[in-house]
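Below is target-v5.txt, holding compact mmCIF, C-alpha atoms and all ligand atoms.
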# COMPACT_ATOMS: atom_id res chain seq x y z
CA MET L 104 23.98 22.64 -26.86
CA SER L 105 24.08 21.77 -23.14
CA ILE L 106 21.12 20.20 -21.34
CA GLU L 107 20.51 23.34 -19.35
CA SER L 108 20.23 25.46 -22.47
CA VAL L 109 17.73 22.96 -23.94
CA ALA L 110 15.68 23.39 -20.77
CA GLU L 111 16.05 27.15 -21.09
CA VAL L 112 14.73 27.09 -24.67
CA LEU L 113 11.75 25.03 -23.57
CA TYR L 114 11.13 27.46 -20.77
CA LYS L 115 11.22 30.43 -23.11
CA LYS L 116 8.82 28.77 -25.55
CA LYS L 117 6.44 28.32 -22.65
CA GLN L 118 5.25 25.04 -24.10
CA ARG L 119 2.15 23.54 -22.58
CA GLY L 120 1.90 19.96 -21.22
CA ARG L 121 3.24 18.29 -18.13
CA LEU L 122 6.65 17.34 -19.52
CA SER L 123 7.45 20.74 -20.99
CA ARG L 124 6.24 22.45 -17.80
CA TYR L 125 8.59 20.17 -15.86
CA TRP L 126 11.57 21.06 -18.08
CA ALA L 127 10.60 24.72 -18.02
CA THR L 128 10.60 24.70 -14.23
CA MET L 129 13.97 22.95 -14.20
CA GLY L 130 15.35 25.54 -16.64
CA PHE L 131 14.07 28.32 -14.41
CA ILE L 132 15.72 26.79 -11.33
CA PHE L 133 19.01 26.29 -13.23
CA GLN L 134 18.90 29.94 -14.33
CA ILE L 135 18.50 31.09 -10.72
CA ILE L 136 21.44 28.91 -9.65
CA ARG L 137 23.58 30.32 -12.49
CA ASP L 138 22.59 33.86 -11.49
CA ILE L 139 23.69 33.23 -7.90
CA ASP L 140 27.05 31.84 -8.95
CA PRO L 141 28.04 30.54 -12.43
CA LYS L 142 30.53 28.22 -10.76
CA LEU L 143 27.61 26.17 -9.35
CA ARG L 144 27.54 24.15 -12.58
CA VAL L 145 28.23 20.97 -10.64
CA VAL L 146 24.87 21.33 -8.88
CA ILE L 147 23.10 21.66 -12.23
CA ASP L 148 24.94 18.65 -13.64
CA THR L 149 24.07 16.54 -10.59
CA PHE L 150 20.34 17.35 -10.87
CA THR L 151 20.43 16.74 -14.62
CA LEU L 152 22.02 13.34 -14.05
CA LEU L 153 19.45 12.40 -11.39
CA GLY L 154 16.65 13.45 -13.74
CA LEU L 155 18.10 11.33 -16.51
CA ILE L 156 18.45 8.30 -14.22
CA TYR L 157 14.84 8.67 -13.06
CA SER L 158 13.49 9.11 -16.61
CA THR L 159 15.44 6.06 -17.81
CA ARG L 160 13.99 4.02 -14.94
CA VAL L 161 10.46 5.09 -15.83
CA VAL L 162 10.96 4.27 -19.53
CA PHE L 163 12.44 0.81 -18.73
CA SER L 164 9.62 0.08 -16.30
CA LEU L 165 6.98 1.01 -18.93
CA LEU L 166 8.69 -1.09 -21.61
CA SER L 167 9.05 -4.06 -19.26
CA THR L 168 5.35 -3.82 -18.23
CA ALA L 169 4.29 -3.72 -21.89
CA PHE L 170 6.54 -6.68 -22.76
CA THR L 171 5.29 -8.72 -19.75
CA GLY L 172 1.68 -7.95 -20.72
CA PHE L 173 2.32 -9.16 -24.27
CA ARG L 174 4.14 -12.33 -23.10
CA VAL L 175 1.65 -13.25 -20.34
CA HIS L 176 -1.67 -12.35 -21.96
CA LEU L 177 -1.13 -12.71 -25.72
CA TRP L 178 1.85 -14.92 -26.49
CA SER L 179 0.74 -17.48 -23.87
CA ARG L 180 -2.55 -18.00 -25.79
CA VAL L 181 -0.60 -18.90 -28.92
CA TRP L 182 2.27 -20.94 -27.45
CA LYS L 183 0.70 -23.35 -24.95
CA ILE L 184 2.61 -25.25 -22.28
CA ASP L 185 2.05 -29.01 -21.84
CA LEU L 186 0.79 -28.80 -18.24
CA LYS L 187 0.67 -32.55 -17.64
CA GLN L 188 4.24 -33.07 -18.76
CA ARG L 189 5.55 -30.07 -16.83
CA TYR L 190 3.75 -30.52 -13.49
CA GLY L 191 2.14 -33.97 -13.25
CA GLU L 192 -0.99 -35.92 -14.09
CA TRP L 193 -3.53 -34.63 -11.56
CA ALA L 194 -4.90 -31.23 -10.61
CA VAL L 195 -6.64 -30.57 -7.27
CA ILE L 196 -9.18 -27.72 -7.28
CA THR L 197 -10.99 -26.36 -4.23
CA GLY L 198 -14.39 -24.71 -4.80
CA ALA L 199 -14.78 -26.56 -8.10
CA THR L 200 -18.59 -26.47 -8.15
CA ASP L 201 -19.13 -22.93 -9.38
CA GLY L 202 -17.59 -19.82 -10.92
CA ILE L 203 -13.86 -19.76 -11.57
CA GLY L 204 -13.13 -23.14 -9.95
CA LEU L 205 -15.67 -24.87 -12.18
CA GLU L 206 -14.24 -23.18 -15.29
CA TYR L 207 -10.70 -24.21 -14.29
CA ALA L 208 -11.91 -27.80 -13.92
CA ARG L 209 -13.33 -27.66 -17.45
CA ALA L 210 -10.22 -25.99 -18.90
CA LEU L 211 -7.72 -28.31 -17.19
CA ALA L 212 -9.75 -31.38 -18.23
CA LYS L 213 -9.48 -30.18 -21.85
CA ARG L 214 -5.71 -29.81 -21.35
CA GLY L 215 -5.55 -33.53 -20.46
CA LEU L 216 -5.25 -33.38 -16.67
CA SER L 217 -7.10 -35.74 -14.35
CA LEU L 218 -9.01 -33.96 -11.58
CA VAL L 219 -9.56 -34.10 -7.84
CA LEU L 220 -12.47 -31.73 -7.21
CA ILE L 221 -13.30 -30.42 -3.74
CA GLY L 222 -16.61 -28.80 -2.84
CA ARG L 223 -19.09 -28.56 -0.01
CA ASN L 224 -22.19 -29.38 -2.07
CA GLU L 225 -22.48 -33.08 -2.93
CA VAL L 226 -25.14 -32.57 -5.60
CA LYS L 227 -23.17 -29.87 -7.44
CA LEU L 228 -19.99 -31.95 -7.23
CA ALA L 229 -21.77 -34.98 -8.70
CA ARG L 230 -23.06 -32.79 -11.56
CA VAL L 231 -19.53 -31.61 -12.40
CA LYS L 232 -18.25 -35.18 -12.24
CA THR L 233 -20.96 -36.33 -14.66
CA GLU L 234 -20.07 -33.51 -17.04
CA LEU L 235 -16.31 -34.07 -17.03
CA SER L 236 -15.98 -37.85 -16.66
CA PRO L 237 -16.30 -38.47 -20.43
CA ILE L 238 -13.22 -36.22 -20.93
CA THR L 239 -10.97 -37.21 -18.03
CA SER L 240 -10.68 -39.10 -14.71
CA VAL L 241 -12.51 -37.25 -11.93
CA VAL L 242 -12.35 -37.86 -8.18
CA THR L 243 -14.62 -35.77 -5.95
CA ILE L 244 -14.21 -34.94 -2.26
CA VAL L 245 -17.07 -33.45 -0.29
CA ALA L 246 -15.64 -31.07 2.29
CA ASP L 247 -16.89 -27.88 3.89
CA LEU L 248 -13.78 -25.72 4.21
CA ASN L 249 -15.64 -23.53 6.68
CA SER L 250 -15.66 -26.39 9.15
CA ASP L 251 -13.59 -26.21 12.36
CA ASP L 252 -13.24 -30.00 12.51
CA PRO L 253 -9.54 -30.54 13.37
CA THR L 254 -9.44 -33.79 11.36
CA LEU L 255 -10.80 -32.18 8.16
CA TYR L 256 -7.49 -31.74 6.37
CA GLU L 257 -6.15 -35.11 7.50
CA ARG L 258 -9.18 -36.66 5.80
CA ILE L 259 -8.74 -34.54 2.67
CA ALA L 260 -5.02 -35.41 2.50
CA THR L 261 -5.86 -39.12 2.76
CA ASP L 262 -8.55 -38.84 0.07
CA ILE L 263 -6.25 -36.90 -2.25
CA ASP L 264 -3.44 -39.37 -1.56
CA GLY L 265 -0.96 -36.73 -2.70
CA THR L 266 2.15 -38.80 -2.02
CA ASN L 267 1.07 -41.68 -4.28
CA ARG L 268 -1.13 -39.86 -6.78
CA ASP L 269 0.91 -37.68 -9.14
CA ILE L 270 -0.59 -34.33 -8.11
CA GLY L 271 0.92 -31.72 -10.39
CA ILE L 272 -1.30 -28.71 -9.71
CA LEU L 273 -3.10 -27.48 -6.60
CA PHE L 274 -5.53 -24.61 -7.23
CA ASN L 275 -6.50 -22.97 -3.92
CA ASN L 276 -9.56 -21.30 -5.37
CA ALA L 277 -12.45 -21.62 -2.88
CA GLY L 278 -13.29 -18.27 -1.35
CA VAL L 279 -15.97 -16.13 0.23
CA MET L 280 -16.77 -12.42 0.15
CA TYR L 281 -19.23 -10.15 1.97
CA ASP L 282 -22.83 -10.64 0.81
CA SER L 283 -23.01 -6.88 0.64
CA PRO L 284 -20.22 -4.25 0.96
CA ASN L 285 -20.31 -2.74 4.43
CA ARG L 286 -18.35 -1.65 7.47
CA PHE L 287 -16.52 -4.27 9.57
CA MET L 288 -18.98 -4.21 12.50
CA ASP L 289 -21.93 -4.56 10.11
CA GLN L 290 -20.71 -7.99 9.02
CA PRO L 291 -22.09 -10.98 10.92
CA GLU L 292 -19.44 -12.67 13.06
CA ASP L 293 -19.96 -15.89 11.14
CA LYS L 294 -18.97 -14.12 7.90
CA VAL L 295 -15.75 -12.94 9.51
CA TRP L 296 -14.89 -16.51 10.55
CA GLN L 297 -15.74 -17.77 7.04
CA HIS L 298 -13.08 -15.44 5.67
CA VAL L 299 -10.55 -16.79 8.15
CA ARG L 300 -11.40 -20.45 7.54
CA VAL L 301 -12.06 -20.51 3.77
CA ASN L 302 -9.90 -17.66 2.43
CA ILE L 303 -6.94 -18.16 4.76
CA ALA L 304 -6.80 -21.46 6.72
CA ALA L 305 -7.91 -23.62 3.77
CA VAL L 306 -5.11 -22.21 1.58
CA LEU L 307 -2.52 -23.12 4.22
CA MET L 308 -3.87 -26.55 5.07
CA MET L 309 -4.54 -27.65 1.48
CA THR L 310 -0.97 -26.68 0.63
CA ARG L 311 0.29 -28.81 3.54
CA ALA L 312 -1.79 -31.72 2.24
CA VAL L 313 -0.33 -31.62 -1.26
CA LEU L 314 3.19 -30.23 -0.93
CA PRO L 315 4.94 -33.32 0.53
CA GLY L 316 4.11 -35.32 -2.63
CA MET L 317 5.30 -32.48 -4.87
CA ILE L 318 8.53 -32.21 -2.88
CA ALA L 319 9.13 -35.96 -3.24
CA ARG L 320 8.50 -35.82 -7.00
CA ARG L 321 10.52 -32.59 -7.37
CA ARG L 322 7.85 -30.84 -9.45
CA GLY L 323 4.49 -29.13 -9.06
CA LEU L 324 2.53 -25.90 -9.14
CA VAL L 325 0.46 -24.23 -6.43
CA ILE L 326 -1.96 -21.57 -7.71
CA ASN L 327 -3.30 -19.34 -4.96
CA MET L 328 -6.34 -17.16 -5.59
CA SER L 329 -5.74 -13.70 -4.18
CA SER L 330 -7.43 -10.60 -5.64
CA ILE L 331 -6.78 -7.09 -6.95
CA ALA L 332 -8.20 -6.15 -3.52
CA ALA L 333 -4.77 -7.10 -2.13
CA TYR L 334 -2.89 -4.42 -4.09
CA LYS L 335 -4.56 -1.56 -2.25
CA PRO L 336 -6.94 -1.58 0.75
CA LEU L 337 -10.60 -2.01 -0.20
CA PRO L 338 -12.88 -0.35 2.39
CA LEU L 339 -16.35 -1.93 2.86
CA MET L 340 -14.71 -5.26 1.93
CA GLY L 341 -12.07 -4.96 4.65
CA VAL L 342 -11.78 -8.55 5.86
CA TYR L 343 -11.92 -9.86 2.28
CA SER L 344 -9.21 -7.44 1.17
CA ALA L 345 -7.01 -8.33 4.16
CA SER L 346 -7.49 -12.08 3.65
CA LYS L 347 -6.26 -11.71 0.07
CA VAL L 348 -3.16 -9.82 1.21
CA PHE L 349 -2.45 -12.80 3.45
CA VAL L 350 -2.72 -15.14 0.44
CA GLU L 351 -0.39 -12.95 -1.61
CA TRP L 352 2.37 -12.84 1.00
CA PHE L 353 2.06 -16.53 1.78
CA SER L 354 2.39 -17.31 -1.94
CA LYS L 355 5.48 -15.17 -2.35
CA THR L 356 7.27 -16.79 0.57
CA LEU L 357 6.24 -20.29 -0.54
CA GLU L 358 7.62 -19.57 -3.99
CA VAL L 359 11.05 -18.71 -2.63
CA GLU L 360 11.10 -21.56 -0.09
CA TYR L 361 10.32 -24.33 -2.60
CA LYS L 362 11.96 -23.01 -5.79
CA SER L 363 14.89 -25.38 -5.27
CA TYR L 364 12.40 -28.31 -5.32
CA ASN L 365 11.22 -27.23 -8.77
CA ILE L 366 7.84 -26.23 -7.32
CA GLU L 367 6.25 -23.14 -8.83
CA VAL L 368 3.75 -20.88 -7.09
CA GLN L 369 1.41 -18.58 -8.96
CA THR L 370 -0.62 -15.82 -7.28
CA LEU L 371 -3.76 -14.78 -9.14
CA MET L 372 -4.91 -11.21 -8.43
CA PRO L 373 -7.94 -10.50 -10.63
CA SER L 374 -10.37 -7.63 -10.44
CA TYR L 375 -14.17 -8.17 -10.46
CA ILE L 376 -15.50 -11.21 -12.33
CA SER L 377 -19.13 -11.93 -13.01
CA THR L 378 -19.85 -14.88 -10.68
CA LYS L 379 -22.21 -15.53 -7.78
CA LEU L 380 -19.57 -14.07 -5.45
CA THR L 381 -20.36 -10.62 -6.86
CA SER L 382 -24.14 -11.13 -6.97
CA PHE L 383 -24.65 -8.13 -4.65
CA SER L 384 -24.31 -5.96 -7.78
CA ASP L 385 -26.34 -6.01 -11.01
CA LEU L 386 -23.49 -4.20 -12.76
CA LEU L 387 -20.99 -6.94 -11.89
CA GLN L 388 -23.45 -9.64 -12.95
CA LYS L 389 -23.37 -8.37 -16.56
CA PRO L 390 -20.18 -9.73 -18.15
CA SER L 391 -18.20 -6.99 -19.91
CA LEU L 392 -14.62 -6.13 -20.85
CA ALA L 393 -14.00 -4.79 -17.37
CA PHE L 394 -15.93 -7.55 -15.52
CA PRO L 395 -15.60 -10.75 -17.58
CA SER L 396 -17.53 -13.97 -17.13
CA ALA L 397 -15.76 -16.79 -15.27
CA GLU L 398 -15.36 -18.58 -18.61
CA THR L 399 -13.63 -15.65 -20.36
CA PHE L 400 -11.45 -14.96 -17.34
CA THR L 401 -10.40 -18.61 -17.05
CA ALA L 402 -9.50 -18.93 -20.74
CA ASN L 403 -7.01 -16.08 -20.18
CA ALA L 404 -5.86 -17.08 -16.72
CA VAL L 405 -5.11 -20.74 -17.52
CA ALA L 406 -2.85 -19.55 -20.35
CA THR L 407 -0.77 -17.58 -17.83
CA ILE L 408 0.21 -20.78 -15.97
CA GLY L 409 3.98 -21.16 -16.17
CA ARG L 410 4.32 -17.64 -17.62
CA ALA L 411 3.89 -15.45 -14.55
CA SER L 412 4.28 -16.04 -10.84
CA LYS L 413 1.96 -13.12 -10.06
CA THR L 414 -0.73 -11.91 -12.43
CA THR L 415 -4.23 -10.49 -12.59
CA GLY L 416 -4.91 -13.37 -14.99
CA TYR L 417 -6.84 -11.23 -17.47
CA TRP L 418 -5.53 -8.50 -19.78
CA SER L 419 -8.14 -5.83 -18.98
CA HIS L 420 -7.60 -6.42 -15.26
CA GLY L 421 -3.87 -6.01 -15.91
CA LEU L 422 -4.64 -2.67 -17.52
CA GLN L 423 -6.88 -1.65 -14.58
CA HIS L 424 -4.07 -2.52 -12.17
CA PHE L 425 -1.46 -0.67 -14.25
CA LEU L 426 -3.54 2.52 -14.40
CA THR L 427 -4.45 2.56 -10.70
CA ASP L 428 -0.90 1.63 -9.67
CA TRP L 429 0.70 4.40 -11.73
CA PHE L 430 -1.82 7.20 -11.56
CA VAL L 431 -4.10 6.80 -8.54
CA PRO L 432 -2.73 7.49 -5.04
CA GLU L 433 -3.94 5.19 -2.28
CA TRP L 434 -6.21 7.81 -0.64
CA ALA L 435 -7.99 8.46 -3.96
CA TYR L 436 -8.27 4.74 -4.65
CA THR L 437 -9.82 3.91 -1.27
CA LEU L 438 -12.21 6.88 -1.48
CA SER L 439 -13.37 6.05 -5.02
CA SER L 440 -13.66 2.31 -4.19
CA TRP L 441 -15.88 3.21 -1.23
CA HIS L 442 -18.27 5.20 -3.45
CA PHE L 443 -18.07 2.66 -6.28
CA LEU L 444 -19.05 -0.24 -3.99
CA ARG L 445 -21.83 1.79 -2.35
CA ASN L 446 -23.23 2.74 -5.79
CA ILE L 447 -23.14 -0.70 -7.40
CA ASP L 448 -24.62 -2.56 -4.42
CA ASN L 449 -28.20 -3.61 -5.24
CA SER L 450 -28.43 -6.33 -2.58
CA LYS L 451 -30.83 -4.33 -0.39
CA THR L 452 -33.37 -4.00 -3.23
CA LYS L 453 -33.35 -7.70 -4.12
N1 LIG D 501 -15.59 -13.03 -8.59
C1 LIG D 501 -14.70 -12.08 -8.38
O1 LIG D 501 -14.94 -10.88 -8.65
C2 LIG D 501 -13.36 -12.41 -7.83
C3 LIG D 501 -12.31 -11.46 -7.95
C4 LIG D 501 -11.07 -11.77 -7.44
C5 LIG D 501 -10.85 -12.96 -6.80
N2 LIG D 501 -11.86 -13.87 -6.69
C6 LIG D 501 -11.61 -15.12 -5.98
O2 LIG D 501 -11.87 -16.21 -6.82
C7 LIG D 501 -12.23 -17.34 -6.03
C8 LIG D 501 -13.46 -18.01 -6.62
O3 LIG D 501 -14.52 -17.09 -6.59
P1 LIG D 501 -15.76 -17.13 -7.60
O4 LIG D 501 -15.92 -15.75 -8.07
O5 LIG D 501 -15.60 -18.23 -8.56
O6 LIG D 501 -16.91 -17.40 -6.55
P2 LIG D 501 -18.14 -18.45 -6.58
O7 LIG D 501 -18.75 -18.47 -7.92
O8 LIG D 501 -18.98 -18.12 -5.41
O9 LIG D 501 -17.42 -19.85 -6.33
C9 LIG D 501 -16.78 -20.09 -5.11
C10 LIG D 501 -16.52 -21.57 -4.99
O10 LIG D 501 -15.98 -21.80 -3.68
C11 LIG D 501 -16.83 -22.76 -3.03
N3 LIG D 501 -16.90 -22.57 -1.60
C12 LIG D 501 -17.32 -21.49 -0.93
N4 LIG D 501 -17.32 -21.73 0.38
C13 LIG D 501 -16.88 -22.99 0.54
C14 LIG D 501 -16.69 -23.84 1.66
N5 LIG D 501 -16.97 -23.43 2.90
N6 LIG D 501 -16.24 -25.09 1.47
C15 LIG D 501 -15.98 -25.53 0.22
N7 LIG D 501 -16.16 -24.80 -0.88
C16 LIG D 501 -16.61 -23.54 -0.72
C17 LIG D 501 -18.19 -22.56 -3.68
O11 LIG D 501 -19.02 -23.68 -3.42
P3 LIG D 501 -20.63 -23.64 -3.70
O12 LIG D 501 -20.78 -23.92 -5.17
O13 LIG D 501 -21.16 -24.70 -2.83
O14 LIG D 501 -21.09 -22.26 -3.33
C18 LIG D 501 -17.79 -22.39 -5.13
O15 LIG D 501 -17.50 -23.62 -5.71
C19 LIG D 501 -12.41 -16.83 -4.61
O16 LIG D 501 -11.27 -17.13 -3.85
C20 LIG D 501 -12.52 -15.33 -4.79
O17 LIG D 501 -12.09 -14.63 -3.66
C21 LIG D 501 -13.12 -13.62 -7.20
Show me this structure written as structure tokens.
Ligand SMILES: NC(=O)c1ccc[n+]([C@@H]2O[C@H](COP(=O)([O-])OP(=O)(O)OC[C@H]3O[C@@H](n4cnc5c(N)ncnc54)[C@H](OP(=O)(O)O)[C@@H]3O)[C@@H](O)[C@H]2O)c1
Amino acid sequence: MSIESVAEVLYKKKQRGRLSRYWATMGFIFQIIRDIDPKLRVVIDTFTLLGLIYSTRVVFSLLSTAFTGFRVHLWSRVWKIDLKQRYGEWAVITGATDGIGLEYARALAKRGLSLVLIGRNEVKLARVKTELSPITSVVTIVADLNSDDPTLYERIATDIDGTNRDIGILFNNAGVMYDSPNRFMDQPEDKVWQHVRVNIAAVLMMTRAVLPGMIARRRGLVINMSSIAAYKPLPLMGVYSASKVFVEWFSKTLEVEYKSYNIEVQTLMPSYISTKLTSFSDLLQKPSLAFPSAETFTANAVATIGRASKTTGYWSHGLQHFLTDWFVPEWAYTLSSWHFLRNIDNSKTK
């Protein structure tokens, strides 16, 4: 039985469902072509072949996504990589005083790495140092990454001493977001500059501070914190969303440029996590499957180190990304995000 007659049968059965409707339509078109001229078989065969190629591509893509999800989010939790041996003794973390950065500091200390922790708040930094010093060596650097002091990164580079200290991992984590979702002109100018300095400039300059040592030692890992907001535009969080696109593209180029030096780059692109960054919303402050706590997220995300160069870091965020990527067009995504952010924002009532 030829493919066209299979399509014809499906058409005649008038089966319901998207796939059968698709085949039925194809069968109908083939029938019209045959009615015009039976010798037009070559046209039918060409369309059939194209359909088969497309379907095969879709099936492979689905299988590969499922396999990657299993390898990155499940297998990685079972089969752990020795981070110290693979990358080096020390990890540098920016924004290590709260949220995800603090949880990474805890998780990497448990994995045997020594830590250089960077934060703007001396008291909070000292508290983290007191907590983690019994487990590992901790060096703290007080630095406000929102500063426009031109000597800031020179000082940080000297304090890190990246060429002599065996820095294996740099986690560019520190970041800011709007205090409340709103239009661009409703954001204070200072907030806009914070996004440029903390979310963008700090990622570049911290990488410049640490990379020379990694290049000399021919090993290392740079983890850059982007966001799911970089996959598709996020209105009412415009500057944030754009700053995370910057991080994503910078990461990708860095990865290619320094691959030959055995330096890995990982881009993290999570969805919402329950931290003080998302304190504008009561909904996001309640940890759940969709919006995990920083601790739950980090347990998953740290396991993805060395397993994926770009990941949401958390399985349910991976699922969210898969569903929106496959089934939600950009216009629908931006429209629904707009209403979602407007509805979950409780900052005005606080
Ligand atoms: N939470 C989410 O939904 C989410 C989703 C995707 C991506 N991310 C990204 O994840 C990263 C961490 O966010 P988080 O949720 O953990 O936020 P958080 O709880 O607010 O922690 C942010 C950290 O960055 C530090 N920081 C902020 N501004 C700084 C500055 N000027 N100088 C030095 N340190 C500064 C904070 O210091 P203080 O303790 O002094 O405030 C804190 O340690 C950010 O890059 C964010 O964009 C978050």
Selected residue of minimal separation from ligand LIG 501 (chain D) among L:Asp293, L:Asp269, L:Asp201, L:Asp264, counting all atoms listed in the file
L:Asp201
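For the choices L:Ala246, L:Ala393, L:Met340, L:Ile259, the atom-to-atom distance to Lys294 of chain L is smallest for L:Met340 when using only C-alpha atoms.
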As AutoDock Vina command-line options, what would the box around segment 373-389 of chain L look like: edges along x, y and z, 5 Å added on every side, centre and edge lengths in Å to one decimal?
--center_x -17.1 --center_y -9.9 --center_z -10.6 --size_x 28.4 --size_y 21.3 --size_z 21.9
Each residue of segment 341-391 of chain L with at least one atom at most 12 Å from segment 186-198 of chain L should appear once, together with its nearest atom pair and the corresponding distance in Å (one decimal); atoms considered: all atoms listed in the file; ordering: chain, then increasing residue number; output as a Markdown table.
| residue | atom | partner | partner_atom | distance |
| --- | --- | --- | --- | --- |
| L:Asn365 | CA | L:Tyr190 | CA | 9.4 |
| L:Ile366 | CA | L:Tyr190 | CA | 8.6 |
| L:Glu367 | CA | L:Tyr190 | CA | 9.1 |
| L:Val368 | CA | L:Tyr190 | CA | 11.6 |
| L:Leu380 | CA | L:Gly198 | CA | 11.9 |
Determine, using all atoms listed in the file, which residues of chain L have any atom at most 7 Å from an atom of ligand LIG 501 (chain D), and tabulate each with its shortest atom pair and distance in Å to one decimal place, rows ordered by chain and then rising number, as CSV.
residue,atom,partner,partner_atom,distance
L:Thr197,CA,D:LIG501,N7,6.4
L:Gly198,CA,D:LIG501,O15,3.4
L:Ala199,CA,D:LIG501,O15,4.7
L:Thr200,CA,D:LIG501,O15,3.9
L:Asp201,CA,D:LIG501,O15,4.1
L:Gly202,CA,D:LIG501,O5,3.5
L:Ile203,CA,D:LIG501,O5,3.8
L:Gly204,CA,D:LIG501,O5,5.7
L:Leu205,CA,D:LIG501,O15,6.8
L:Ile221,CA,D:LIG501,C15,6.8
L:Gly222,CA,D:LIG501,N7,4.5
L:Arg223,CA,D:LIG501,C15,4.3
L:Asn224,CA,D:LIG501,O13,4.9
L:Lys227,CA,D:LIG501,O12,6.8
L:Ala246,CA,D:LIG501,C15,5.9
L:Asp247,CA,D:LIG501,N6,3.8
L:Leu248,CA,D:LIG501,N6,3.7
L:Asn249,CA,D:LIG501,N5,4.0
L:Asn276,CA,D:LIG501,O16,4.8
L:Ala277,CA,D:LIG501,O10,3.6
L:Gly278,CA,D:LIG501,O16,3.4
L:Val279,CA,D:LIG501,C12,5.6
L:Met280,CA,D:LIG501,O17,6.4
L:Val301,CA,D:LIG501,N5,5.8
L:Asn302,CA,D:LIG501,O16,6.4
L:Met328,CA,D:LIG501,O16,5.2
L:Ser329,CA,D:LIG501,C5,5.8
L:Ser330,CA,D:LIG501,C4,4.2
L:Ile331,CA,D:LIG501,C4,6.4
L:Met372,CA,D:LIG501,C4,6.3
L:Pro373,CA,D:LIG501,C4,4.6
L:Ser374,CA,D:LIG501,C3,5.0
L:Tyr375,CA,D:LIG501,O1,3.3
L:Ile376,CA,D:LIG501,O1,3.7
L:Ser377,CA,D:LIG501,N1,5.8
L:Thr378,CA,D:LIG501,O7,4.7
L:Lys379,CA,D:LIG501,O7,4.5
L:Leu380,CA,D:LIG501,O8,4.1
L:Thr381,CA,D:LIG501,N1,5.6
L:Ala397,CA,D:LIG501,O5,6.9
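Atom pair atom CA of Leu371 of chain L / atom CA of Ala404 of chain L: separated by 8.2 Å.
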Any idea what the distance is between atom CA of Ile270 of chain L and atom CA of Thr356 of chain L?
21.1 Å
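Nearest-residue note for Trp178 of chain L: choosing from L:Tyr256, L:Glu360, L:Gln369, L:Thr407, the minimum distance belongs to L:Thr407, counting all atoms listed in the file.
Atom CA of Arg268 of chain L lies 22.3 Å from atom CA of Val405 of chain L.
Each of L:Leu387, L:Ala260, L:Leu228, L:Ile318 was checked against Lys362 of chain L using all atoms listed in the file; the smallest atom-to-atom distance is that of L:Ile318.
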Can you check which parts of segment 139-165 of chain L lie within 12 Å of segment 412-434 of chain L? Per residue, the shortest pair of atoms and distance in Å to one decimal, counting only C-alpha atoms, sorted by chain and number, as JSON lines.
{"residue": "L:Val161", "atom": "CA", "partner": "L:Trp429", "partner_atom": "CA", "distance": 10.6}
{"residue": "L:Ser164", "atom": "CA", "partner": "L:Trp429", "partner_atom": "CA", "distance": 10.9}
{"residue": "L:Leu165", "atom": "CA", "partner": "L:Phe425", "partner_atom": "CA", "distance": 9.8}
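Of the listed residues (L:Ser236, L:Ser382, L:Thr452, L:Gln297), L:Gln297 comes nearest to Asp251 of chain L; the distances count all atoms listed in the file.
Between Ser217 of chain L and the candidates L:Leu177, L:Ile238, L:Val231, L:Val245, the tightest atom-to-atom separation, counting only C-alpha atoms, involves L:Ile238.
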Can you pull out every residue within 8 Å of Phe383 of chain L, counting all atoms listed in the file, but drop anything in the same chain fewer than 2 positions away, and send it as a ChimeraX atom specification?
/L:282-283,380-381,385,448-450
What does segment 158-181 of chain L look like written to a file with C-alpha atoms, as a PDB file, in the first residue's frame?
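Saved file out08.pdb follows:
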ATOM      1  CA  SER L 158       8.625  14.152  11.103  1.00  0.00           C
ATOM      2  CA  THR L 159      11.945  12.337  11.611  1.00  0.00           C
ATOM      3  CA  ARG L 160      13.560  15.610  12.685  1.00  0.00           C
ATOM      4  CA  VAL L 161      10.794  16.273  15.207  1.00  0.00           C
ATOM      5  CA  VAL L 162      11.028  12.737  16.637  1.00  0.00           C
ATOM      6  CA  PHE L 163      14.851  12.947  16.957  1.00  0.00           C
ATOM      7  CA  SER L 164      14.608  16.359  18.583  1.00  0.00           C
ATOM      8  CA  LEU L 165      12.060  15.076  21.146  1.00  0.00           C
ATOM      9  CA  LEU L 166      14.155  11.990  21.912  1.00  0.00           C
ATOM     10  CA  SER L 167      17.333  14.051  22.258  1.00  0.00           C
ATOM     11  CA  THR L 168      15.569  16.553  24.602  1.00  0.00           C
ATOM     12  CA  ALA L 169      14.281  13.680  26.757  1.00  0.00           C
ATOM     13  CA  PHE L 170      17.723  12.040  26.862  1.00  0.00           C
ATOM     14  CA  THR L 171      19.460  15.351  27.725  1.00  0.00           C
ATOM     15  CA  GLY L 172      16.902  15.988  30.489  1.00  0.00           C
ATOM     16  CA  PHE L 173      17.571  12.540  31.956  1.00  0.00           C
ATOM     17  CA  ARG L 174      21.373  12.926  31.724  1.00  0.00           C
ATOM     18  CA  VAL L 175      21.523  16.510  33.070  1.00  0.00           C
ATOM     19  CA  HIS L 176      18.864  16.427  35.790  1.00  0.00           C
ATOM     20  CA  LEU L 177      18.709  12.801  36.978  1.00  0.00           C
ATOM     21  CA  TRP L 178      21.873  10.912  36.099  1.00  0.00           C
ATOM     22  CA  SER L 179      24.043  13.832  37.267  1.00  0.00           C
ATOM     23  CA  ARG L 180      22.562  13.513  40.804  1.00  0.00           C
ATOM     24  CA  VAL L 181      23.661   9.873  40.946  1.00  0.00           C
TER      25      VAL L 181
END
